[in-house]
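Enquirer: I'm passing along work-v5.cif; it holds mmCIF, C-alpha atoms.
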data_coords
loop_
_atom_site.label_atom_id
_atom_site.label_comp_id
_atom_site.auth_asym_id
_atom_site.auth_seq_id
_atom_site.Cartn_x
_atom_site.Cartn_y
_atom_site.Cartn_z
CA MET A 284 113.25 -12.37 130.27
CA MET A 285 109.62 -12.11 131.32
CA ILE A 286 106.49 -12.47 129.19
CA THR A 287 103.67 -10.41 130.70
CA ILE A 288 99.99 -11.14 130.03
CA ILE A 289 97.55 -8.29 130.73
CA ASP A 290 94.69 -9.19 133.08
CA TYR A 291 91.92 -6.66 132.48
CA GLY A 292 89.06 -8.99 133.36
CA MET A 293 88.48 -10.50 129.88
CA GLY A 294 90.54 -13.18 128.18
CA ASN A 295 91.75 -16.78 128.34
CA LEU A 296 94.60 -15.79 130.59
CA ARG A 297 95.49 -19.15 132.09
CA SER A 298 95.40 -20.99 128.76
CA VAL A 299 97.75 -18.39 127.22
CA GLN A 300 100.04 -18.62 130.25
CA LYS A 301 100.08 -22.44 130.07
CA GLY A 302 100.86 -22.25 126.35
CA PHE A 303 104.02 -20.25 127.01
CA GLU A 304 104.97 -22.57 129.87
CA LYS A 305 104.67 -25.58 127.55
CA VAL A 306 107.30 -24.11 125.23
CA GLY A 307 109.65 -23.22 128.07
CA TYR A 308 108.87 -19.58 128.85
CA HIS A 309 107.82 -18.11 132.16
CA ALA A 310 104.77 -15.89 131.78
CA GLN A 311 103.19 -13.72 134.44
CA VAL A 312 99.58 -12.51 134.53
CA THR A 313 99.18 -9.01 135.91
CA ALA A 314 96.48 -6.43 136.54
CA ASP A 315 99.08 -3.78 137.45
CA PRO A 316 99.68 -1.10 134.77
CA GLN A 317 103.16 -0.41 136.19
CA VAL A 318 104.16 -4.04 135.63
CA VAL A 319 102.84 -3.75 132.07
CA ALA A 320 104.96 -0.66 131.49
CA GLN A 321 108.11 -2.51 132.60
CA ALA A 322 107.49 -5.76 130.70
CA ASP A 323 110.04 -7.30 128.33
CA ARG A 324 107.35 -8.84 126.13
CA LEU A 325 103.65 -8.06 126.34
CA VAL A 326 100.59 -10.15 125.44
CA LEU A 327 97.05 -8.73 125.13
CA PRO A 328 94.47 -11.55 124.89
CA GLY A 329 90.76 -10.90 124.61
CA VAL A 330 87.41 -12.66 124.63
CA GLY A 331 84.01 -10.94 124.65
CA ALA A 332 82.62 -7.67 123.34
CA PHE A 333 84.93 -4.98 121.94
CA ARG A 334 83.15 -2.19 123.83
CA ASP A 335 83.47 -3.95 127.19
CA CYS A 336 87.11 -4.89 126.65
CA MET A 337 88.06 -1.31 125.79
CA ALA A 338 86.16 -0.04 128.84
CA ASN A 339 88.05 -2.48 131.07
CA LEU A 340 91.38 -1.40 129.58
CA ARG A 341 90.52 2.25 130.30
CA ASP A 342 89.23 1.55 133.80
CA GLY A 343 92.30 -0.52 134.61
CA GLY A 344 94.68 2.22 133.49
CA PHE A 345 96.20 0.16 130.69
CA ILE A 346 95.73 2.39 127.65
CA GLU A 347 98.80 4.59 128.06
CA PRO A 348 101.12 1.79 129.30
CA ILE A 349 100.21 -0.28 126.22
CA LYS A 350 100.84 2.62 123.83
CA GLU A 351 104.12 3.48 125.55
CA PHE A 352 105.19 -0.17 125.43
CA VAL A 353 104.53 -0.34 121.69
CA ALA A 354 106.33 2.98 121.11
CA ALA A 355 109.36 1.58 122.95
CA GLU A 356 109.60 -1.11 120.23
CA ARG A 357 109.38 -4.08 122.57
CA PRO A 358 107.68 -7.28 121.30
CA PHE A 359 103.88 -7.14 121.54
CA LEU A 360 101.38 -9.92 120.77
CA GLY A 361 97.62 -9.45 120.51
CA ILE A 362 95.30 -12.46 120.46
CA CYS A 363 91.74 -12.51 119.06
CA LEU A 364 90.05 -9.40 120.48
CA GLY A 365 93.56 -8.29 121.39
CA LEU A 366 94.08 -7.90 117.63
CA GLN A 367 90.82 -6.06 117.03
CA MET A 368 91.43 -3.53 119.81
CA LEU A 369 94.64 -2.43 118.11
CA LEU A 370 92.60 -0.88 115.31
CA THR A 371 90.89 2.50 115.17
CA GLU A 372 87.24 1.54 115.48
CA SER A 373 84.91 -1.43 115.76
CA GLU A 374 81.32 -1.73 114.51
CA GLU A 375 80.35 -4.15 117.28
CA PHE A 376 77.21 -2.89 119.09
CA GLY A 377 77.56 0.55 117.47
CA HIS A 378 80.83 2.36 116.80
CA HIS A 379 83.52 2.17 119.47
CA GLN A 380 87.05 3.54 119.51
CA GLY A 381 89.98 1.17 119.74
CA LEU A 382 93.61 1.80 120.63
CA ASP A 383 94.28 3.20 117.11
CA ILE A 384 97.76 1.70 117.05
CA ILE A 385 96.97 0.15 113.67
CA PRO A 386 94.67 2.39 111.57
CA GLY A 387 91.62 0.53 110.32
CA GLN A 388 88.13 -0.78 111.00
CA VAL A 389 86.57 -3.89 112.54
CA PRO A 390 83.40 -4.89 110.63
CA ARG A 391 81.16 -7.92 111.14
CA PHE A 392 80.92 -10.89 108.82
CA ALA A 393 77.80 -10.68 106.65
CA ASP A 394 74.98 -13.05 107.57
CA ASP A 395 74.47 -14.13 103.96
CA MET A 396 77.99 -15.37 103.15
CA GLN A 397 77.88 -18.55 101.05
CA ILE A 398 80.11 -21.32 99.82
CA ALA A 399 79.44 -23.91 97.14
CA GLY A 400 78.09 -27.13 98.64
CA VAL A 401 77.27 -30.57 97.24
CA ASN A 402 73.58 -29.69 96.99
CA GLY A 403 74.04 -26.03 96.08
CA PRO A 404 75.07 -22.88 97.97
CA GLU A 405 75.47 -23.20 101.74
CA ILE A 406 75.13 -20.29 104.16
CA LEU A 407 78.16 -19.84 106.41
CA LYS A 408 77.47 -19.50 110.11
CA VAL A 409 78.46 -16.44 112.10
CA PRO A 410 80.42 -16.57 114.35
CA HIS A 411 83.26 -18.18 112.43
CA MET A 412 84.08 -20.95 114.89
CA GLY A 413 86.50 -23.85 114.60
CA TRP A 414 89.54 -24.82 112.55
CA ASN A 415 90.55 -22.99 109.39
CA ARG A 416 93.68 -22.48 107.33
CA ILE A 417 96.05 -19.53 107.19
CA GLN A 418 98.27 -18.33 104.36
CA HIS A 419 101.02 -16.24 105.90
CA THR A 420 103.93 -13.99 105.09
CA ASP A 421 107.49 -14.61 106.22
CA ILE A 422 107.53 -12.98 109.65
CA PRO A 423 109.33 -14.28 112.76
CA LEU A 424 106.07 -15.28 114.46
CA PHE A 425 105.42 -17.85 111.73
CA LYS A 426 108.91 -19.35 111.56
CA GLY A 427 108.54 -23.08 110.93
CA VAL A 428 104.77 -22.84 110.37
CA GLU A 429 103.70 -24.42 107.08
CA GLN A 430 101.47 -22.58 104.64
CA GLY A 431 97.88 -23.75 104.95
CA SER A 432 98.26 -24.75 108.59
CA TYR A 433 95.04 -25.09 110.56
CA VAL A 434 94.45 -22.80 113.54
CA TYR A 435 91.46 -22.25 115.83
CA PHE A 436 89.05 -19.32 115.42
CA VAL A 437 86.08 -17.96 117.39
CA HIS A 438 84.88 -14.56 116.11
CA SER A 439 82.08 -12.67 114.38
CA TYR A 440 84.15 -9.57 113.50
CA TYR A 441 87.39 -9.24 111.54
CA VAL A 442 89.98 -6.52 110.98
CA GLN A 443 90.43 -4.33 107.90
CA PRO A 444 93.74 -2.46 108.28
CA THR A 445 93.97 0.74 106.24
CA ASP A 446 97.56 -0.14 105.29
CA THR A 447 97.41 -3.60 103.74
CA SER A 448 101.18 -4.00 104.11
CA VAL A 449 100.61 -4.92 107.78
CA VAL A 450 98.58 -8.00 106.80
CA ALA A 451 100.67 -11.01 107.86
CA ALA A 452 98.14 -13.80 107.28
CA THR A 453 94.83 -14.32 105.52
CA THR A 454 92.04 -16.87 105.84
CA ASP A 455 89.03 -17.71 103.67
CA TYR A 456 85.56 -17.72 105.21
CA GLY A 457 83.14 -16.53 102.59
CA ILE A 458 85.62 -13.75 101.99
CA GLU A 459 89.39 -13.56 102.31
CA PHE A 460 90.00 -11.74 105.59
CA CYS A 461 93.05 -10.61 107.53
CA SER A 462 93.79 -13.20 110.22
CA ALA A 463 97.09 -11.76 111.49
CA ILE A 464 98.98 -8.49 111.33
CA CYS A 465 102.59 -7.45 111.82
CA ARG A 466 104.08 -3.98 111.96
CA ASP A 467 107.58 -3.67 113.39
CA ASN A 468 107.37 -4.97 116.99
CA VAL A 469 103.57 -5.38 116.95
CA MET A 470 102.12 -8.78 116.02
CA ALA A 471 98.57 -9.99 116.51
CA THR A 472 96.40 -12.92 115.45
CA GLN A 473 92.64 -13.26 115.04
CA PHE A 474 92.94 -16.96 115.86
CA HIS A 475 93.96 -18.43 119.21
CA PRO A 476 97.54 -19.81 119.16
CA GLU A 477 97.01 -21.23 122.67
CA LYS A 478 94.15 -23.38 121.30
CA SER A 479 95.83 -24.30 118.01
CA GLN A 480 97.80 -27.31 119.23
CA GLN A 481 101.38 -27.72 118.00
CA VAL A 482 101.11 -25.05 115.30
CA GLY A 483 100.02 -22.46 117.86
CA LEU A 484 102.64 -23.51 120.37
CA GLU A 485 105.28 -22.99 117.68
CA MET A 486 104.06 -19.41 117.31
CA LEU A 487 104.23 -18.80 121.06
CA LYS A 488 107.75 -20.23 121.08
CA ASN A 489 108.70 -17.92 118.19
CA PHE A 490 107.34 -14.92 120.08
CA GLY A 491 109.37 -15.85 123.15
CA GLU A 492 112.51 -16.08 121.02
CA LEU A 493 112.19 -12.58 119.56
#
Rewrite the structure of this file - the entire thing - as structure tokens.
Expert:
Amino acid sequence: MMITIIDYGMGNLRSVQKGFEKVGYHAQVTADPQVVAQADRLVLPGVGAFRDCMANLRDGGFIEPIKEFVAAERPFLGICLGLQMLLTESEEFGHHQGLDIIPGQVPRFADDMQIAGVNGPEILKVPHMGWNRIQHTDIPLFKGVEQGSYVYFVHSYYVQPTDTSVVAATTDYGIEFCSAICRDNVMATQFHPEKSQQVGLEMLKNFGEL
């Protein structure tokens, strides 16, 4: 069984690969669309701008192999921007089309989000960066993960799926936002499991066991 990580020029590829290796799974990084099409399990990481990531996926010939992989009902994991690109459209730097595998939008956090502080309201910083909690549903990816576990985030945009039944985890940051989705064989997280210490490694292990 091989876990395949897509190399399209943007993403923490080595850290994701090392995460799988730590939990006992061999993971290969590839820039070959044919290898992607033949994968047993597929991981789409992503760091950077939505527009640029989608352009690199198109230029690398990955769009159709990804959609065919998902349609074949093999396990798929998106990480951070790899979650956002699954949706229909992002508002980052204009309006840009995503993979449209999960219908929905990707808006930006508002600059005036507040929380109650000791000395009155405090403005929340954008991007949302650092450790925060998740409340999750009972899906295989989260087996053994306690409610309220801390995971690591770095993002200014978040996903709004049209069908809320695909929401697998939520997190509070000024608003309650969707921090993970699951629909059939497709799972994706806004946070970085590979940077989330033991909790994140447990998720990678769970994905490998699917």
Enquirer: Could you tell me which of A:Arg416, A:Arg297, A:Arg357, A:His411 comes closest to A:Pro328 if we count all atoms listed in the file?
Expert: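 Of all the options, A:Arg297 lies closest to A:Pro328.
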Enquirer: Using all atoms listed in the file, which residue out of A:Arg391, A:Lys478, A:His419, A:Lys426 lies closest to A:Ser439?
Expert: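 Using all atoms listed in the file, A:Ser439 sits closest to A:Arg391.
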Enquirer: Point out the residue among A:Gly413, A:Pro386, A:Gly361, A:Gly377 with the least atom-to-atom distance to A:Ala463, counting all atoms listed in the file.
Expert: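 Nearest to A:Ala463: A:Gly361.
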Enquirer: Atom CA of A:Val442 and atom CA of A:Leu407 are how many Å apart?
Expert: 18.4 Å
Enquirer: Can you list every residue of stretch 404-474 of chain A that has an atom at most 12 Å from stretch 302-324 of chain A, with its nearest atom pair and the distance in Å to one decimal, using all atoms listed in the file, ordered by chain then number, as JSON lines?
Expert:
{"residue": "A:Asn468", "atom": "CA", "partner": "A:Arg324", "partner_atom": "CA", "distance": 9.9}
{"residue": "A:Val469", "atom": "CA", "partner": "A:Arg324", "partner_atom": "CA", "distance": 10.5}
{"residue": "A:Met470", "atom": "CA", "partner": "A:Arg324", "partner_atom": "CA", "distance": 11.4}
Enquirer: Pick from A:Gln380, A:Thr420, A:Asn415, A:Asn295: nearest to A:Tyr456, with all atoms listed in the file counted?
Expert: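 Going through A:Gln380, A:Thr420, A:Asn415, A:Asn295 one by one, the smallest distance to A:Tyr456 is for A:Asn415.
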Enquirer: Which residue out of A:Leu366, A:Ile286, A:Val428, A:Ile422 has the minimum interatomic distance to A:Cys461 when only C-alpha atoms are used?
Expert: A:Leu366
Enquirer: Give me the residues near A:Asp383 as a PyMOL selection string, where near means some atom within 9 Å (using only C-alpha atoms) and where sequence neighbours in that chain fewer than 6 positions away do not count.
Expert: chain A and resi 368-372
Enquirer: To one decimal place in Å, what is the distance between atom CA of A:Gln473 and atom CA of A:Pro404?
Expert: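 Interatomic distance, atom CA of A:Gln473 to atom CA of A:Pro404: 26.3 Å.
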Enquirer: If the PyMOL selection byres ((chain A and resi 392-403) around 8) is run on the structure shown, which residues does it catch, given as a PDB file with C-alpha atoms, in the coordinates of the input?
Expert:
ATOM      1  CA  PRO A 390      83.400  -4.890 110.630  1.00  0.00           C
ATOM      2  CA  ARG A 391      81.160  -7.920 111.140  1.00  0.00           C
ATOM      3  CA  PRO A 404      75.070 -22.880  97.970  1.00  0.00           C
ATOM      4  CA  GLU A 405      75.470 -23.200 101.740  1.00  0.00           C
ATOM      5  CA  ILE A 406      75.130 -20.290 104.160  1.00  0.00           C
ATOM      6  CA  LEU A 407      78.160 -19.840 106.410  1.00  0.00           C
ATOM      7  CA  LYS A 408      77.470 -19.500 110.110  1.00  0.00           C
ATOM      8  CA  VAL A 409      78.460 -16.440 112.100  1.00  0.00           C
ATOM      9  CA  PRO A 410      80.420 -16.570 114.350  1.00  0.00           C
ATOM     10  CA  SER A 439      82.080 -12.670 114.380  1.00  0.00           C
ATOM     11  CA  TYR A 440      84.150  -9.570 113.500  1.00  0.00           C
ATOM     12  CA  TYR A 441      87.390  -9.240 111.540  1.00  0.00           C
ATOM     13  CA  GLY A 457      83.140 -16.530 102.590  1.00  0.00           C
ATOM     14  CA  ILE A 458      85.620 -13.750 101.990  1.00  0.00           C
TER      15      ILE A 458
END
Enquirer: Between atom CA of A:Phe490 and atom CA of A:Gln418, what is the spacing in Å?
Expert: 18.5 Å
Enquirer: When distances are computed from only C-alpha atoms, which of A:Glu492, A:Thr453, A:Thr472, A:Val326 shows the smallest separation from A:Val299?
Expert: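 Of A:Glu492, A:Thr453, A:Thr472, A:Val326, the one nearest A:Val299, counting only C-alpha atoms, is A:Val326.
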Enquirer: Can you tell me, as a PyMOL selection string, what residues are no more than 10 Å from A:Thr447 when counting only C-alpha atoms, ignoring any on the same chain fewer than 4 positions away?
Expert: chain A and resi 387+443+451+461+464
Enquirer: For this structure, which residues satisfy the selection - the PyMOL selection byres ((chain A and resi 364) around 7) - when it is evaluated on the file as given? I want them as a PyMOL selection string.
Expert: chain A and resi 328-330+333+362-363+365-368
